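Asks: Dumping the structure here so I can ask a few things about it.
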Amino acid sequence: MPQQFSVVALLVITLLSSWMLGGWHGYRQLESEALQEAFRYRQLVANELNRYLPVPALIAEHPLLADALKQPDDSITVLRANEQMQRMATIVGGSDIYLMDLSGLTIAANNFGQPDTFVGNNYAFRPYFSEAVRTGQAVAYFALGSRSLERGLYFTHSVRDPRGNMLGVVAIKVLVHELESQWHRPESPQQAEMVVLDGDGISFLSSRSQWLYRDFGTGNDGERADRVHQRYPERALPPIDFSVIGQPWGLAEHSLRVRLGESGKAETYLAVQADLPRLDWSLMVLTATRPVLWARAGFVAGGLALFLAGFLTWLYLRERYRRERELALRGEQLERRVAQRTADLKRSNDQLLGEIQERERAQTELRETQHELIQAAKLAVLGQMSAGLNHEINQPLTAIQGYARNSRMFLKRGSTDMVDANLGEIVSLCDKMAELIRQFKVFARKSEGPPSVVDLRLAVDGALKIIRAQHSSSGIEIHWCRPEYPVMCHGDLIRIEQVMVNLIANAVQALEDRDQPWIDIKIVDDGEYWHCRVRDNGHGLPGNTEQVFEPFFTTRSVKQGLGLGLSISRQIVEALGGSLIGLNRDDGPGAEFVLKLKQRRADE
C-alpha cells in the first residue's frame, strides 16, 4: 500500500507540474509572437510619422504662404498659394494641405474650387491648431474629418514672417487608409488580431471590422467625453464587453489575459499592449488562448510519458535486481559445472587443434601437388615437342658445320670477304638457336609470385615461338591478329603462356591429315574482360564439350599425351579469376577455345 500511494501521488504531482509548465510555455509563445507583431507595426507607424513630421515645417518656409496670410484679400496671391499647395500635395503624397490664419480660418487649400473645399472653414476648435499656435512647433494629431468623417493624421506647423512673427498655421492631412494599406500581416499559426486605441481607449484601427470605433475605456468623465466628441464628431462609439481576467504566470506586466465579448459570445485572449511613438496611441495585440490548451495537453502527454518511462524503468530495475540475486545463487552452481566441463573442453580443443593442423598439412601438400602437376604437364608438353626441337636445332647446326668448312677453304684461298659472310651467317644461326632455347627455358621454369598485370599479347607471342619450332606445325597457316595496343589483364605471364601452348598444340594435333589447315588467334574486348579465341578447321570436339576438360580424357594415343593439359589449363585460368571454355564452330568444321581474363590498367 505505501508504494501504491507514493506512485499515485507522484503521478498527480507530475500531471499538475506538466499542466503548469505547458501553460507557461504556451503563453510565452503567444507573447513572443505578439511582441514581434507589435514591434513590426510600431516600426511601421514610426516610419510614417517620421515621413510626414518634417514636411509642414518645410512647407511653412515657402514665401507664398506668408504672403497669402499677410494679404488675404489679394485674390492673385491667394490663388498662387492655392496652386502651390496643390503642387506640394502631389509631391508629398498627402491627402490635403491647407493654410489657416491665427483665428483658425482657412484662407487657402489644395482643394480650392471643389465643393468640399476647406477654404472658408474655421478649425480653431481643433487641438492640432491650438497646439501649433501655443507651441509654435510641429504637431501631430489624429481625428475624424469634420466634413468627410474619414480617419486622418493631421500634421501642423506655424508660419512666420522673416522677423519671426507668427502669421498662421499650415496643416497636412494624411488618411489613415495610407497606414492601413501597409498593414499586411503575414499568416501565422495563431492568427493574432490587432487593435490601435487612442488616449481615451477608442479603437480607430482594427484587424476586425466589428471592433472599429468601439469604446475599450473604463472612464466616462465630462472632459473625456468632450475630447472624444471633438475627435469623433457625429460618430457612435458603443462600448465593447472587455474585461481583464488576470496575468499569466511568468509573463511581463504588459501581457494580460482578457475576455472580450461580442454578440453574446465571449472569448479569452492574451493581450499584449505597446505604446506607439510620438502619439497617445497604444497597440493591443490579441491572440486567442486556445493554443495554450494544446500546449498544456502536449506537456501533460509528455509528462505522462516520462512518468510511465520512469515507472517502467523502476519496475525493470526492481525485477533486474531480483533476477541478479537469483543469478548469483545459480552462478555458484554453474562455476562448479564449468570447472568440470572445462577439462572436457580442453581435451576436445586439443583434439580439434591436432585435426586442424593435420588438415592444414594436407592442404599444403595438395597445393604443392597441384603446382607439381602443372609443372609436370608443362614438362610433358616439352617432352612431346622434343622431336621438333631437335629438328629446329639440328638444321641450323648442319648449316653452321657447312659454313665453317667452307670458311676454312676460303681462308686458305685468302677470300676473307667470303669468310666474313660465312661467319655472319653462323652468328645469325647461333642467335636463332639461342632465342629458341631461351623461350623453352622460360616456358619450362616455375611461376613465381602472385598474379599481376601482364600483356596478353606477350603470352601469345611466346607460345607461338614454341609451337612454330615444332616440325608438326609446318604447313599450318597460323593467323595471329595481334592488337596494336597493349592488352593488359590480371594474370601470370608464364601460366598464361602455358595455357596458350596447350590450346595451340591441341589445335595443331587436331589438324593432322587435314587439307589447307589453319589456326586463327584473335583477342576481343567486351568492356570488362578480354576474350582470346583460338579457332581451327580440324575434326572438332566430341558431343559433350565439357568432357575434354576432365582429367585423363584424351582422343589420342598415350604417346601423344595423358589428357591433363586442358584440365590443368582450366584450373590455372580459374585461379586467375577467368574462365576457359571449348565448343565446336558454328560456321564450319573445327573447334574454338575461348580464354577469358579480367581487364586491368597498365598503372595498377
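All residue names refer to the C-alpha cells as shown: chains lettered A, B, ... in order, residues numbered from 1 in each chain, ligands numbered from 1 in order.
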For the structure I just gave you, how does DSSP split range 406-552 of chain A - specifically, which residues are alpha helix (DSSP H)? Reply as number ranges by chain.

Replies: A: 406-413, 416-444, 456-468, 493-510

Asks: When DSSP works through the backbone of this structure, what residues of range 502-590 of chain A end up as strand (DSSP E), shown as a list of chain:residue names?

Replies: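 Those in range 502-590 of chain A that DSSP calls strand (DSSP E) are A:Trp518, A:Ile519, A:Asp520, A:Ile521, A:Lys522, A:Ile523, A:Val524, A:Asp525, A:Tyr529, A:Trp530, A:His531, A:Cys532, A:Arg533, A:Val534, A:Arg535, A:Asp536, A:Ser579, A:Leu580, A:Ile581, A:Gly582, A:Leu583, A:Asn584.
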
Asks: Out of A:Arg457, A:His539, A:Arg296, A:His62, which residue has the shortest atom-to-atom distance to Met488 in chain A when counting only C-alpha atoms?

Replies: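 So, comparing all the options, the nearest one is A:Arg457.
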
Asks: For Ser203 in chain A, work out the shell of residues within 6 Å, counting only C-alpha atoms and skipping chain neighbours fewer than 3 positions away, then give it as a ChimeraX atom specification.

Replies: /A:196-197,212-214

Asks: I need the chosen residues saved as a PDB file, in the first residue's frame, with N, CA, C and O atoms.

Replies:
```pdb
ATOM      1  N   VAL A 196      -5.727  49.319 -32.515  1.00  0.00           N
ATOM      2  CA  VAL A 196      -5.000  50.535 -32.148  1.00  0.00           C
ATOM      3  C   VAL A 196      -5.974  51.463 -31.449  1.00  0.00           C
ATOM      4  O   VAL A 196      -7.030  51.819 -32.009  1.00  0.00           O
ATOM      5  N   LEU A 197      -5.655  51.846 -30.201  1.00  0.00           N
ATOM      6  CA  LEU A 197      -6.508  52.687 -29.378  1.00  0.00           C
ATOM      7  C   LEU A 197      -5.877  54.061 -29.225  1.00  0.00           C
ATOM      8  O   LEU A 197      -4.646  54.194 -29.166  1.00  0.00           O
ATOM      9  N   LEU A 212     -14.019  48.157 -34.796  1.00  0.00           N
ATOM     10  CA  LEU A 212     -13.655  49.520 -35.157  1.00  0.00           C
ATOM     11  C   LEU A 212     -14.659  50.500 -34.561  1.00  0.00           C
ATOM     12  O   LEU A 212     -15.879  50.250 -34.557  1.00  0.00           O
ATOM     13  N   TYR A 213     -14.155  51.631 -34.043  1.00  0.00           N
ATOM     14  CA  TYR A 213     -14.954  52.675 -33.402  1.00  0.00           C
ATOM     15  C   TYR A 213     -15.736  52.111 -32.216  1.00  0.00           C
ATOM     16  O   TYR A 213     -16.929  52.331 -32.058  1.00  0.00           O
ATOM     17  N   ARG A 214     -15.022  51.330 -31.383  1.00  0.00           N
ATOM     18  CA  ARG A 214     -15.612  50.793 -30.156  1.00  0.00           C
ATOM     19  C   ARG A 214     -14.849  51.361 -28.970  1.00  0.00           C
ATOM     20  O   ARG A 214     -13.654  51.681 -29.044  1.00  0.00           O
TER      21      ARG A 214
END
```

Asks: Which neighbours of range 71-88 of chain A fall inside 10 Å, counting only C-alpha atoms, when residues of the same chain fewer than 3 positions from it are skipped, and could you give them as a list of chain:residue names?

Replies: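 Residues near the query, excluding close chain neighbours: A:Val55, A:Ile59, A:His62, A:Pro63, A:Leu64, A:Leu65, A:Ala66, A:Asp67, A:Ala68, A:Ile91, A:Val92, A:Gly93, A:Gly94, A:Asp96, A:Ile97, A:Tyr98, A:Leu99, A:Asp101, A:Ile107, A:Ala108, A:Ala109, A:Asn110, A:Asn111, A:Phe112, A:Gly113, A:Val119.
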
Asks: List as a PyMOL selection string the protein and nucleic acid residues near Gly303 in chain A, meaning an atom at most 12 Å away when only C-alpha atoms are counted, but skip any in the same chain fewer than 2 places from it.

Replies: chain A and resi 10-22+296-301+305-311

Asks: Which neighbours of Leu205 in chain A fall inside 10 Å, counting only C-alpha atoms, when residues of the same chain fewer than 3 positions from it are skipped, and could you give them as a PyMOL selection string?

Replies: chain A and resi 151+176-177+179-180+194-198+202+208-209+211-213+283

Asks: Just write the chosen residues, C-alpha atoms, as a PDB file, in the first residue's frame.

Replies:
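File part-v5.pdb, as written:
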```pdb
ATOM      1  CA  ARG A 151      -9.888  58.991 -40.208  1.00  0.00           C
ATOM      2  CA  VAL A 176      -5.255  56.531 -42.101  1.00  0.00           C
ATOM      3  CA  HIS A 177      -6.010  54.344 -45.120  1.00  0.00           C
ATOM      4  CA  LEU A 179      -1.374  53.355 -42.880  1.00  0.00           C
ATOM      5  CA  GLU A 180      -3.867  50.502 -43.258  1.00  0.00           C
ATOM      6  CA  MET A 194      -4.631  43.944 -33.647  1.00  0.00           C
ATOM      7  CA  VAL A 195      -6.437  47.000 -32.255  1.00  0.00           C
ATOM      8  CA  VAL A 196      -5.000  50.535 -32.148  1.00  0.00           C
ATOM      9  CA  LEU A 197      -6.508  52.687 -29.378  1.00  0.00           C
ATOM     10  CA  ASP A 198      -6.218  56.435 -28.849  1.00  0.00           C
ATOM     11  CA  ILE A 202     -11.348  54.369 -28.593  1.00  0.00           C
ATOM     12  CA  ARG A 208     -11.555  43.100 -37.269  1.00  0.00           C
ATOM     13  CA  SER A 209     -14.133  45.484 -38.697  1.00  0.00           C
ATOM     14  CA  TRP A 211     -14.084  46.173 -33.321  1.00  0.00           C
ATOM     15  CA  LEU A 212     -13.655  49.520 -35.157  1.00  0.00           C
ATOM     16  CA  TYR A 213     -14.954  52.675 -33.402  1.00  0.00           C
ATOM     17  CA  LEU A 283      -1.339  48.971 -29.828  1.00  0.00           C
TER      18      LEU A 283
END
```
